[in-house]
file start.cif (mmCIF, C-alpha atoms)
data_input
#
loop_
_atom_site.group_PDB
_atom_site.id
_atom_site.type_symbol
_atom_site.label_atom_id
_atom_site.label_comp_id
_atom_site.auth_asym_id
_atom_site.auth_seq_id
_atom_site.Cartn_x
_atom_site.Cartn_y
_atom_site.Cartn_z
ATOM 1 C CA MET W 1 9.353 -17.892 40.211
ATOM 2 C CA LYS W 2 10.069 -17.440 36.509
ATOM 3 C CA LYS W 3 6.434 -16.589 35.860
ATOM 4 C CA ALA W 4 6.536 -13.941 38.581
ATOM 5 C CA ILE W 5 9.662 -12.381 37.048
ATOM 6 C CA LYS W 6 8.046 -12.436 33.598
ATOM 7 C CA LYS W 7 4.890 -10.743 34.926
ATOM 8 C CA ALA W 8 6.978 -8.137 36.711
ATOM 9 C CA THR W 9 8.907 -7.425 33.491
ATOM 10 C CA ILE W 10 5.674 -7.027 31.506
ATOM 11 C CA CYS W 11 4.245 -4.700 34.152
ATOM 12 C CA SER W 12 7.424 -2.626 34.048
ATOM 13 C CA LEU W 13 7.167 -2.336 30.278
ATOM 14 C CA ILE W 14 3.513 -1.288 30.502
ATOM 15 C CA ILE W 15 4.329 1.343 33.115
ATOM 16 C CA LEU W 16 7.220 2.581 30.973
ATOM 17 C CA LEU W 17 4.999 2.821 27.879
ATOM 18 C CA LEU W 18 2.270 4.605 29.829
ATOM 19 C CA SER W 19 4.831 7.038 31.202
ATOM 20 C CA THR W 20 6.074 7.759 27.677
ATOM 21 C CA HIS W 21 2.538 8.486 26.479
ATOM 22 C CA ILE W 22 1.927 10.754 29.468
ATOM 23 C CA VAL W 23 5.123 12.709 28.688
ATOM 24 C CA ILE W 24 4.136 13.092 25.013
ATOM 25 C CA LEU W 25 0.573 14.081 25.946
ATOM 26 C CA GLY W 26 1.901 16.566 28.455
ATOM 27 C CA GLU W 27 4.174 18.166 25.839
ATOM 28 C CA THR W 28 1.279 18.357 23.357
ATOM 29 C CA ILE W 29 -0.992 20.051 25.893
ATOM 30 C CA ALA W 30 1.793 22.420 26.928
ATOM 31 C CA ASN W 31 2.461 23.412 23.308
ATOM 32 C CA ALA W 32 -1.244 23.969 22.700
ATOM 33 C CA LEU W 33 -1.592 26.126 25.803
ATOM 34 C CA ASP W 34 1.513 28.077 24.876
ATOM 35 C CA ALA W 35 0.079 28.790 21.415
ATOM 36 C CA TYR W 36 -3.107 30.306 22.869
ATOM 37 C CA ASN W 37 -2.059 31.925 26.146
ATOM 38 C CA GLU W 38 -1.706 35.682 26.672
ATOM 39 C CA ASN W 39 1.866 35.818 27.972
ATOM 40 C CA THR W 40 4.669 37.496 26.042
ATOM 41 C CA ASN W 41 8.413 37.703 26.662
ATOM 42 C CA ILE W 42 7.654 40.760 28.843
ATOM 43 C CA ALA W 43 5.774 39.952 32.058
ATOM 44 C CA ASN W 44 3.754 43.181 32.033
ATOM 45 C CA VAL W 45 2.597 42.862 28.408
ATOM 46 C CA LYS W 46 -0.220 40.468 27.567
ATOM 47 C CA TYR W 47 -1.249 39.642 24.013
ATOM 48 C CA ASN W 48 -4.009 37.522 22.506
ATOM 49 C CA VAL W 49 -5.482 36.950 19.041
ATOM 50 C CA TYR W 50 -8.662 35.047 18.284
ATOM 51 C CA LEU W 51 -11.646 34.776 15.961
ATOM 52 C CA GLU W 52 -14.930 36.058 17.320
ATOM 53 C CA THR W 53 -18.057 33.922 17.071
ATOM 54 C CA GLU W 54 -21.585 35.264 16.629
ATOM 55 C CA ASP W 55 -22.218 34.995 20.372
ATOM 56 C CA GLY W 56 -18.941 36.748 21.226
ATOM 57 C CA ASN W 57 -16.912 33.679 22.168
ATOM 58 C CA LYS W 58 -13.281 33.063 21.238
ATOM 59 C CA GLU W 59 -12.133 30.557 18.652
ATOM 60 C CA TYR W 60 -8.616 29.891 17.402
ATOM 61 C CA GLU W 61 -9.746 27.741 14.497
ATOM 62 C CA LYS W 62 -12.981 28.415 12.678
ATOM 63 C CA GLN W 63 -14.829 27.142 9.622
ATOM 64 C CA VAL W 64 -16.487 30.041 7.832
ATOM 65 C CA ASN W 65 -18.332 30.839 4.614
ATOM 66 C CA ILE W 66 -16.439 32.600 1.840
ATOM 67 C CA SER W 67 -19.322 35.005 1.293
ATOM 68 C CA GLU W 68 -19.432 36.194 4.930
ATOM 69 C CA ARG W 69 -17.175 38.663 6.704
ATOM 70 C CA GLN W 70 -15.432 37.614 9.884
ATOM 71 C CA THR W 71 -13.891 39.378 12.888
ATOM 72 C CA LEU W 72 -10.279 38.923 13.952
ATOM 73 C CA VAL W 73 -9.791 40.242 17.494
ATOM 74 C CA LEU W 74 -6.427 41.663 18.633
ATOM 75 C CA ASN W 75 -5.968 42.215 22.363
ATOM 76 C CA VAL W 76 -2.973 43.998 23.942
ATOM 77 C CA TYR W 77 -2.799 44.710 27.673
ATOM 78 C CA VAL W 78 -0.065 46.566 29.570
ATOM 79 C CA LYS W 79 -0.550 45.622 33.230
ATOM 80 C CA ASP W 80 0.969 47.193 36.311
ATOM 81 C CA GLN W 81 3.622 49.561 35.055
ATOM 82 C CA GLY W 82 5.507 50.823 32.013
ATOM 83 C CA VAL W 83 4.441 51.808 28.513
ATOM 84 C CA LEU W 84 4.438 50.014 25.172
ATOM 85 C CA ASN W 85 5.762 52.172 22.321
ATOM 86 C CA ASP W 86 6.059 51.656 18.549
ATOM 87 C CA ALA W 87 3.881 48.551 18.673
ATOM 88 C CA LYS W 88 3.073 46.834 15.383
ATOM 89 C CA ILE W 89 0.876 43.854 14.662
ATOM 90 C CA ASN W 90 1.795 41.978 11.513
ATOM 91 C CA ILE W 91 -0.449 39.344 9.903
ATOM 92 C CA GLU W 92 1.420 36.799 7.796
ATOM 93 C CA ASN W 93 0.371 33.929 5.534
ATOM 94 C CA SER W 94 -3.206 35.185 5.401
ATOM 95 C CA ASN W 95 -6.029 34.122 3.105
ATOM 96 C CA PHE W 96 -8.097 37.225 3.859
ATOM 97 C CA ASN W 97 -8.106 41.002 3.426
ATOM 98 C CA ILE W 98 -8.594 43.642 6.105
ATOM 99 C CA VAL W 99 -11.705 45.751 5.465
ATOM 100 C CA GLU W 100 -9.947 49.028 6.213
ATOM 101 C CA GLU W 101 -12.930 51.351 5.822
ATOM 102 C CA GLU W 102 -14.721 49.571 8.679
ATOM 103 C CA LEU W 103 -11.758 49.452 11.042
ATOM 104 C CA GLU W 104 -11.712 52.221 13.630
ATOM 105 C CA ASN W 105 -9.929 52.382 16.986
ATOM 106 C CA GLU W 106 -8.295 55.256 18.867
ATOM 107 C CA TYR W 107 -5.166 53.176 19.383
ATOM 108 C CA ILE W 108 -4.605 52.575 15.672
ATOM 109 C CA LYS W 109 -1.928 54.894 14.311
ATOM 110 C CA HIS W 110 -1.627 53.514 10.782
ATOM 111 C CA ILE W 111 -2.858 50.580 8.685
ATOM 112 C CA ASP W 112 -0.790 49.094 5.862
ATOM 113 C CA VAL W 113 -3.391 47.014 4.043
ATOM 114 C CA GLN W 114 -0.960 45.780 1.401
ATOM 115 C CA ASN W 115 1.316 44.201 4.012
ATOM 116 C CA ASN W 116 -1.408 43.438 6.590
ATOM 117 C CA GLU W 117 0.319 45.534 9.245
ATOM 118 C CA ILE W 118 -1.337 47.630 11.958
ATOM 119 C CA GLU W 119 0.744 50.245 13.792
ATOM 120 C CA LEU W 120 -0.459 51.244 17.270
ATOM 121 C CA ASN W 121 -0.222 54.378 19.395
ATOM 122 C CA SER W 122 1.541 54.107 22.736
ATOM 123 C CA ILE W 123 -0.235 52.036 25.385
ATOM 124 C CA VAL W 124 0.309 53.149 28.998
ATOM 125 C CA TYR W 125 0.046 50.646 31.859
ATOM 126 C CA SER W 126 -3.419 49.664 33.128
ATOM 127 C CA ASN W 127 -4.802 50.050 29.604
ATOM 128 C CA GLU W 128 -6.219 47.111 27.691
ATOM 129 C CA VAL W 129 -6.646 47.589 23.954
ATOM 130 C CA THR W 130 -9.089 45.428 21.995
ATOM 131 C CA ILE W 131 -9.200 45.907 18.245
ATOM 132 C CA LYS W 132 -11.875 44.132 16.218
ATOM 133 C CA VAL W 133 -10.590 43.742 12.673
ATOM 134 C CA PRO W 134 -13.232 43.034 9.982
ATOM 135 C CA ILE W 135 -11.838 40.640 7.396
ATOM 136 C CA GLU W 136 -13.094 39.026 4.200
ATOM 137 C CA PHE W 137 -11.904 36.168 2.019
ATOM 138 C CA LYS W 138 -9.076 37.130 -0.316
ATOM 139 C CA LYS W 139 -9.641 35.791 -3.806
ATOM 140 C CA THR W 140 -6.517 35.092 -5.812
ATOM 141 C CA SER W 141 -5.896 33.997 -9.390
ATOM 142 C CA ARG W 142 -3.456 31.280 -8.280
ATOM 143 C CA PHE W 143 -3.369 29.316 -5.050
ATOM 144 C CA THR W 144 -1.881 26.209 -3.442
ATOM 145 C CA ALA W 145 -4.007 23.292 -2.249
ATOM 146 C CA ASP W 146 -3.896 24.504 1.392
ATOM 147 C CA TYR W 147 -4.928 28.091 0.619
ATOM 148 C CA PHE W 148 -8.469 27.697 1.953
ATOM 149 C CA GLU W 149 -7.265 26.206 5.259
ATOM 150 C CA LYS W 150 -4.262 28.278 6.272
ATOM 151 C CA GLU W 151 -2.717 28.716 9.692
ATOM 152 C CA ILE W 152 -2.141 32.438 10.058
ATOM 153 C CA SER W 153 0.630 33.998 12.099
ATOM 154 C CA VAL W 154 -0.153 37.275 13.928
ATOM 155 C CA THR W 155 2.943 38.838 15.509
ATOM 156 C CA LEU W 156 3.229 41.698 18.018
ATOM 157 C CA THR W 157 6.470 43.699 18.134
ATOM 158 C CA GLY W 158 7.301 46.891 20.007
ATOM 159 C CA THR W 159 9.375 48.540 22.737
ATOM 160 C CA TYR W 160 8.386 48.232 26.385
ATOM 161 C CA VAL W 161 9.741 51.026 28.572
ATOM 162 C CA ASN W 162 9.930 50.752 32.372
ATOM 163 C CA GLU W 163 13.159 52.396 33.480
ATOM 164 C CA VAL W 164 14.882 50.360 30.787
ATOM 165 C CA GLU W 165 13.815 49.526 27.241
ATOM 166 C CA GLU W 166 12.992 45.966 26.258
ATOM 167 C CA THR W 167 11.891 44.548 22.926
ATOM 168 C CA VAL W 168 8.494 42.855 22.791
ATOM 169 C CA ASN W 169 8.123 40.014 20.331
ATOM 170 C CA SER W 170 5.217 37.590 20.561
ATOM 171 C CA GLU W 171 3.452 35.391 18.010
ATOM 172 C CA ARG W 172 -0.078 34.003 17.985
ATOM 173 C CA LYS W 173 -1.700 31.690 15.453
ATOM 174 C CA VAL W 174 -5.257 31.268 14.242
ATOM 175 C CA LYS W 175 -6.701 29.136 11.469
ATOM 176 C CA LEU W 176 -9.479 30.085 9.081
ATOM 177 C CA ASN W 177 -11.069 27.312 7.042
ATOM 178 C CA TRP W 178 -12.984 29.012 4.252
ATOM 179 C CA THR W 179 -15.701 26.966 2.572
ATOM 180 C CA GLU W 180 -19.019 27.289 0.779
ATOM 181 C CA GLU W 181 -21.897 25.267 -0.632
ATOM 182 C CA PRO W 182 -21.679 26.214 -4.303
ATOM 183 C CA GLU W 183 -24.602 26.059 -6.683
ATOM 184 C CA ILE W 184 -23.865 24.205 -9.896
ATOM 185 C CA ALA W 185 -25.678 24.805 -13.188
ATOM 186 C CA PHE W 186 -25.383 23.644 -16.775
ATOM 187 C CA ILE W 187 -27.266 23.864 -20.029
ATOM 188 C CA GLN W 188 -26.958 21.849 -23.216
ATOM 189 C CA ASN W 189 -28.166 22.164 -26.798
ATOM 190 C CA ILE W 190 -27.894 20.611 -30.228
ATOM 191 C CA ASP W 191 -26.101 23.171 -32.406
ATOM 192 C CA LYS W 192 -25.506 21.275 -35.619
ATOM 193 C CA TYR W 193 -27.085 18.315 -37.359
ATOM 194 C CA MET W 194 -26.023 17.879 -40.959
ATOM 195 C CA THR W 195 -24.913 15.529 -43.696
ATOM 196 C CA LEU W 196 -21.257 15.906 -44.704
ATOM 197 C CA GLU W 197 -19.970 15.738 -48.283
ATOM 198 C CA ASN W 198 -18.707 12.186 -47.774
ATOM 199 C CA GLY W 199 -22.196 11.081 -46.695
ATOM 200 C CA GLU W 200 -21.423 10.896 -42.965
ATOM 201 C CA ILE W 201 -23.627 12.695 -40.445
ATOM 202 C CA LEU W 202 -22.284 15.296 -38.020
ATOM 203 C CA LEU W 203 -24.088 16.061 -34.769
ATOM 204 C CA GLN W 204 -22.750 18.772 -32.442
ATOM 205 C CA GLN W 205 -23.825 19.109 -28.822
ATOM 206 C CA SER W 206 -22.860 22.144 -26.732
ATOM 207 C CA ILE W 207 -22.629 21.960 -22.935
ATOM 208 C CA TYR W 208 -22.106 24.990 -20.680
ATOM 209 C CA THR W 209 -21.214 24.440 -17.008
ATOM 210 C CA ALA W 210 -20.882 26.995 -14.205
ATOM 211 C CA VAL W 211 -20.293 27.446 -10.483
ATOM 212 C CA GLN W 212 -22.707 30.130 -9.260
ATOM 213 C CA ASP W 213 -20.871 33.462 -8.849
ATOM 214 C CA ASN W 214 -17.570 31.578 -9.301
ATOM 215 C CA ILE W 215 -17.646 31.211 -5.506
ATOM 216 C CA LEU W 216 -15.192 28.272 -5.497
ATOM 217 C CA PRO W 217 -12.617 27.230 -8.091
ATOM 218 C CA ARG W 218 -12.993 23.963 -9.936
ATOM 219 C CA GLN W 219 -10.304 21.323 -9.659
ATOM 220 C CA ALA W 220 -12.007 18.843 -11.958
ATOM 221 C CA GLU W 221 -15.160 18.406 -13.982
ATOM 222 C CA ILE W 222 -16.683 15.150 -15.187
ATOM 223 C CA ILE W 223 -19.417 15.109 -17.821
ATOM 224 C CA ARG W 224 -21.292 11.900 -18.532
ATOM 225 C CA THR W 225 -23.713 11.640 -21.420
ATOM 226 C CA LYS W 226 -25.618 8.988 -23.292
ATOM 227 C CA VAL W 227 -24.717 9.428 -26.937
ATOM 228 C CA GLN W 228 -27.579 9.557 -29.458
ATOM 229 C CA GLU W 229 -28.206 6.745 -31.901
ATOM 230 C CA ILE W 230 -28.960 7.489 -35.531
ATOM 231 C CA GLU W 231 -30.595 4.622 -37.404
ATOM 232 C CA GLY W 232 -29.563 2.321 -34.554
ATOM 233 C CA VAL W 233 -25.882 3.287 -34.858
ATOM 234 C CA TYR W 234 -23.670 5.118 -32.372
ATOM 235 C CA PRO W 235 -21.055 7.523 -33.754
ATOM 236 C CA LYS W 236 -17.748 6.083 -34.889
ATOM 237 C CA GLU W 237 -15.819 9.151 -33.655
ATOM 238 C CA VAL W 238 -16.202 11.700 -30.848
ATOM 239 C CA ILE W 239 -14.279 14.981 -30.690
ATOM 240 C CA VAL W 240 -14.469 17.319 -27.666
ATOM 241 C CA VAL W 241 -13.438 20.971 -27.715
ATOM 242 C CA ALA W 242 -13.272 22.641 -24.266
ATOM 243 C CA ASN W 243 -13.105 26.439 -24.167
ATOM 244 C CA GLY W 244 -11.747 26.516 -27.722
ATOM 245 C CA ALA W 245 -9.073 23.831 -27.286
ATOM 246 C CA LYS W 246 -9.360 20.202 -28.334
ATOM 247 C CA LEU W 247 -9.206 17.819 -25.385
ATOM 248 C CA GLU W 248 -6.589 15.091 -25.395
ATOM 249 C CA GLU W 249 -7.786 11.572 -26.087
ATOM 250 C CA ASP W 250 -6.932 10.399 -22.545
ATOM 251 C CA LYS W 251 -9.615 12.785 -21.219
ATOM 252 C CA ILE W 252 -12.353 11.253 -23.357
ATOM 253 C CA ARG W 253 -13.774 7.816 -22.598
ATOM 254 C CA TYR W 254 -16.185 6.663 -25.254
ATOM 255 C CA ASP W 255 -17.712 3.194 -25.576
ATOM 256 C CA GLU W 256 -19.017 2.760 -29.131
ATOM 257 C CA GLN W 257 -20.840 -0.427 -28.124
ATOM 258 C CA ASN W 258 -23.245 1.159 -25.623
ATOM 259 C CA GLY W 259 -22.907 4.868 -26.407
ATOM 260 C CA ASN W 260 -21.582 5.925 -23.000
ATOM 261 C CA LEU W 261 -19.355 9.009 -23.082
ATOM 262 C CA GLU W 262 -17.334 10.425 -20.186
ATOM 263 C CA ILE W 263 -15.383 13.676 -20.442
ATOM 264 C CA ILE W 264 -12.830 14.403 -17.702
ATOM 265 C CA ASN W 265 -11.489 17.951 -17.578
ATOM 266 C CA SER W 266 -9.075 18.577 -14.704
ATOM 267 C CA LYS W 267 -6.706 21.430 -13.958
ATOM 268 C CA PRO W 268 -3.043 20.486 -13.614
ATOM 269 C CA LEU W 269 -0.773 22.204 -11.116
ATOM 270 C CA ASN W 270 1.659 24.725 -12.550
ATOM 271 C CA GLU W 271 5.432 24.621 -11.995
ATOM 272 C CA ASN W 272 4.960 26.220 -8.548
ATOM 273 C CA GLY W 273 2.412 23.626 -7.413
ATOM 274 C CA GLU W 274 -0.446 26.114 -7.794
ATOM 275 C CA ILE W 275 -3.968 25.817 -9.173
ATOM 276 C CA GLU W 276 -5.377 28.595 -11.337
ATOM 277 C CA TRP W 277 -8.736 30.118 -10.487
ATOM 278 C CA GLU W 278 -10.266 30.722 -13.888
ATOM 279 C CA GLY W 279 -13.632 31.891 -15.225
ATOM 280 C CA PHE W 280 -16.772 30.290 -13.887
ATOM 281 C CA ILE W 281 -18.257 29.153 -17.237
ATOM 282 C CA ASN W 282 -16.835 26.236 -19.222
ATOM 283 C CA GLU W 283 -17.992 25.663 -22.793
ATOM 284 C CA TYR W 284 -17.791 22.201 -24.345
ATOM 285 C CA ASN W 285 -18.493 21.430 -27.994
ATOM 286 C CA VAL W 286 -18.963 17.698 -28.474
ATOM 287 C CA ILE W 287 -18.819 16.609 -32.118
ATOM 288 C CA TYR W 288 -20.166 13.202 -33.127
ATOM 289 C CA ILE W 289 -19.424 11.639 -36.533
ATOM 290 C CA TYR W 290 -21.826 8.902 -37.707
ATOM 291 C CA GLU W 291 -21.135 6.477 -40.537
ATOM 292 C CA VAL W 292 -24.680 5.705 -41.740
ATOM 293 C CA GLU W 293 -26.448 5.472 -45.092
ATOM 294 C CA GLU W 294 -29.310 7.825 -44.153
ATOM 295 C CA THR W 295 -29.023 11.585 -44.605
ATOM 296 C CA ALA W 296 -29.825 14.028 -41.808
ATOM 297 C CA LYS W 297 -33.573 14.396 -41.469
ATOM 298 C CA ALA W 298 -35.979 15.809 -38.914
ATOM 299 C CA ARG W 299 -35.865 13.822 -35.708
ATOM 300 C CA THR W 300 -36.117 14.322 -31.927
ATOM 301 C CA PHE W 301 -33.052 13.905 -29.713
ATOM 302 C CA GLU W 302 -33.234 13.177 -25.992
ATOM 303 C CA LEU W 303 -30.087 14.419 -24.292
ATOM 304 C CA GLN W 304 -29.198 12.574 -21.119
ATOM 305 C CA THR W 305 -26.278 14.299 -19.430
ATOM 306 C CA SER W 306 -24.945 14.616 -15.899
ATOM 307 C CA VAL W 307 -22.217 16.937 -14.652
ATOM 308 C CA GLU W 308 -20.002 16.430 -11.614
ATOM 309 C CA ILE W 309 -17.889 19.391 -10.554
ATOM 310 C CA ARG W 310 -15.184 18.945 -7.960
ATOM 311 C CA THR W 311 -14.365 22.191 -6.230
ATOM 312 C CA ILE W 312 -11.555 22.781 -3.754
ATOM 313 C CA HIS W 313 -13.628 21.308 -0.884
ATOM 314 C CA LYS W 314 -16.589 19.389 -2.203
ATOM 315 C CA ALA W 315 -17.920 17.459 -5.173
ATOM 316 C CA LYS W 316 -21.177 18.761 -6.558
ATOM 317 C CA HIS W 317 -23.484 16.947 -8.953
ATOM 318 C CA ASN W 318 -26.125 18.245 -11.269
ATOM 319 C CA ASN W 319 -28.263 16.134 -13.566
ATOM 320 C CA LYS W 320 -30.345 17.461 -16.416
ATOM 321 C CA ARG W 321 -32.183 15.918 -19.326
ATOM 322 C CA ARG W 322 -33.099 18.029 -22.353
ATOM 323 C CA LYS W 323 -34.966 16.965 -25.495
#
call {"tool": "encode", "arguments": {"input": "start.cif", "output": "structure tokens"}}
result
Amino acid sequence: MKKAIKKATICSLIILLLSTHIVILGETIANALDAYNENTNIANVKYNVYLETEDGNKEYEKQVNISERQTLVLNVYVKDQGVLNDAKINIENSNFNIVEEELENEYIKHIDVQNNEIELNSIVYSNEVTIKVPIEFKKTSRFTADYFEKEISVTLTGTYVNEVEETVNSERKVKLNWTEEPEIAFIQNIDKYMTLENGEILLQQSIYTAVQDNILPRQAEIIRTKVQEIEGVYPKEVIVVANGAKLEEDKIRYDEQNGNLEIINSKPLNENGEIEWEGFINEYNVIYIYEVEETAKARTFELQTSVEIRTIHKAKHNNKRRK
């Protein structure tokens, strides 16, 4: 009898847990449907916003290339009766620009590109207005970590008139995930090779790194190189200057025993939690100081260097060997 009661209790718990999950799942589905349906607070006014695919389908979240333009579709429909006046569509929290010169529609009254606002002419019932807005990635000098994957709010406001006036206010959301496959390049040279007054030898290696067309900003850059031996000796000291400024010691990892050098150059966040999008070429001057008895003489150097660049989305590697 006790076993039967215990089984019944367990079954009740399982049913209760399943019911809870069903309720949560139902709320999730309802919220999702509400985010993408066409209903507004006015029964006769329908509103939808989506991203158009190449085959004309609708998407509410889309991964796209930074170098390619996209189409944001705005759809407003006044059904059986009434008229929609003073309608405005406002785009907030965007990571793109409207390409105004390519945007034409008889229902557009005014475009405020600076504020991403489109003002519409009046829409009389039985008219459905579809506006295809060409957009392109908006490059900025400073950005937060989520800038390339923002959820964008697109709000419709206006006055619906049908015997009485009512305010229309409806929000839709889309998400654009901007990405790219950047090309990474670097070159390296020996700039100086000389004997110093104190008898030590100085060797200077220059390394230039770049992201093609500066298409994505760099968050971090790691340079690994095999340091040259002179008369069987690795340098006693390594100094790295990046873009004219000496790198801190904690960004330089040098093993004098095996000649392995690693340079880590990362961009810190500023006081607002932002990353700066700087120039696409980094210049490194790596200075090696050797304590040897020989003076600098003609010799061949084999430079073995690899560069890893971590952009906002991906890590890219490039390996090059130069004699």
call {"tool": "residues_near_point", "arguments": {"input": "start.cif", "point": "(12.0, 51.9, 33.2)", "cutoff": "12 Å", "atoms": "only C-alpha atoms", "output": "PyMOL selection string"}}
result
chain W and resi 81-84+159-166
call {"tool": "closest_residue", "arguments": {"input": "start.cif", "among": "W:Tyr125, W:Phe186, W:Tyr234, W:Tyr50", "to": "Ile207 (chain W)", "atoms": "only C-alpha atoms"}}
result
W:Phe186
call {"tool": "atom_distance", "arguments": {"input": "start.cif", "atom1": "CA of Leu176 (chain W)", "atom2": "CA of Phe280 (chain W)"}}
result
24.1 Å
call {"tool": "resolve_selection", "arguments": {"input": "start.cif", "expression": "the PyMOL selection byres ((chain W and resi 98) around 12)", "output": "JSON, numbers by chain"}}
result
{"W": [69, 70, 71, 72, 73, 90, 91, 94, 95, 96, 97, 99, 100, 101, 102, 103, 104, 111, 112, 113, 114, 115, 116, 117, 118, 132, 133, 134, 135, 136, 137, 138]}
call {"tool": "atom_distance", "arguments": {"input": "start.cif", "atom1": "CA of Lys46 (chain W)", "atom2": "CA of Lys150 (chain W)"}}
result
24.9 Å
call {"tool": "resolve_selection", "arguments": {"input": "start.cif", "expression": "the PyMOL selection byres ((chain W and resi 145-149) around 9)", "output": "VMD selection string"}}
result
chain W and resid 63 94 to 95 143 to 144 150 to 151 175 to 179 273 to 275 312 to 313
call {"tool": "atom_distance", "arguments": {"input": "start.cif", "atom1": "CA of Arg224 (chain W)", "atom2": "CA of Ala296 (chain W)"}}
result
24.9 Å
call {"tool": "residues_near_point", "arguments": {"input": "start.cif", "point": "(-11.6, 35.3, 24.8)", "cutoff": "12 Å", "atoms": "all atoms listed in the file", "output": "PyMOL selection string"}}
result
chain W and resi 36-38+47-53+55-60+72-75+130
call {"tool": "residues_around", "arguments": {"input": "start.cif", "residues": "Leu203 (chain W)", "least_positions_apart": "3", "cutoff": "12 Å", "atoms": "only C-alpha atoms", "output": "PyMOL selection string"}}
result
chain W and resi 189-196+200+206+227-230+234-239+285-291+295-297+301
call {"tool": "write_last_selection", "arguments": {"input": "start.cif", "atoms": "C-alpha atoms", "output": "mmCIF file, keeping the file's coordinate frame"}}
result
data_model
loop_
_atom_site.group_PDB
_atom_site.id
_atom_site.type_symbol
_atom_site.label_atom_id
_atom_site.label_comp_id
_atom_site.auth_asym_id
_atom_site.auth_seq_id
_atom_site.Cartn_x
_atom_site.Cartn_y
_atom_site.Cartn_z
ATOM 1 C CA ASN W 189 -28.166 22.164 -26.798
ATOM 2 C CA ILE W 190 -27.894 20.611 -30.228
ATOM 3 C CA ASP W 191 -26.101 23.171 -32.406
ATOM 4 C CA LYS W 192 -25.506 21.275 -35.619
ATOM 5 C CA TYR W 193 -27.085 18.315 -37.359
ATOM 6 C CA MET W 194 -26.023 17.879 -40.959
ATOM 7 C CA THR W 195 -24.913 15.529 -43.696
ATOM 8 C CA LEU W 196 -21.257 15.906 -44.704
ATOM 9 C CA GLU W 200 -21.423 10.896 -42.965
ATOM 10 C CA SER W 206 -22.860 22.144 -26.732
ATOM 11 C CA VAL W 227 -24.717 9.428 -26.937
ATOM 12 C CA GLN W 228 -27.579 9.557 -29.458
ATOM 13 C CA GLU W 229 -28.206 6.745 -31.901
ATOM 14 C CA ILE W 230 -28.960 7.489 -35.531
ATOM 15 C CA TYR W 234 -23.670 5.118 -32.372
ATOM 16 C CA PRO W 235 -21.055 7.523 -33.754
ATOM 17 C CA LYS W 236 -17.748 6.083 -34.889
ATOM 18 C CA GLU W 237 -15.819 9.151 -33.655
ATOM 19 C CA VAL W 238 -16.202 11.700 -30.848
ATOM 20 C CA ILE W 239 -14.279 14.981 -30.690
ATOM 21 C CA ASN W 285 -18.493 21.430 -27.994
ATOM 22 C CA VAL W 286 -18.963 17.698 -28.474
ATOM 23 C CA ILE W 287 -18.819 16.609 -32.118
ATOM 24 C CA TYR W 288 -20.166 13.202 -33.127
ATOM 25 C CA ILE W 289 -19.424 11.639 -36.533
ATOM 26 C CA TYR W 290 -21.826 8.902 -37.707
ATOM 27 C CA GLU W 291 -21.135 6.477 -40.537
ATOM 28 C CA THR W 295 -29.023 11.585 -44.605
ATOM 29 C CA ALA W 296 -29.825 14.028 -41.808
ATOM 30 C CA LYS W 297 -33.573 14.396 -41.469
ATOM 31 C CA PHE W 301 -33.052 13.905 -29.713
#
call {"tool": "closest_residue", "arguments": {"input": "start.cif", "among": "W:Thr155, W:Glu248, W:Gln188, W:Lys226", "to": "Glu171 (chain W)", "atoms": "only C-alpha atoms"}}
result
W:Thr155
call {"tool": "resolve_selection", "arguments": {"input": "start.cif", "expression": "the PyMOL selection byres ((chain W and resi 122) around 10)", "output": "list of chain:residue names"}}
result
W:Val83, W:Leu84, W:Asn85, W:Asp86, W:Ala87, W:Tyr107, W:Ile108, W:Lys109, W:Glu119, W:Leu120, W:Asn121, W:Ile123, W:Val124, W:Tyr125, W:Gly158, W:Thr159, W:Tyr160
call {"tool": "closest_residue", "arguments": {"input": "start.cif", "among": "W:Leu247, W:Gln304, W:Asn41, W:Arg142", "to": "Gln205 (chain W)", "atoms": "only C-alpha atoms"}}
result
W:Gln304
call {"tool": "closest_residue", "arguments": {"input": "start.cif", "among": "W:Ile263, W:Val241, W:Val174, W:Ile222", "to": "Val307 (chain W)", "atoms": "all atoms listed in the file"}}
result
W:Ile222
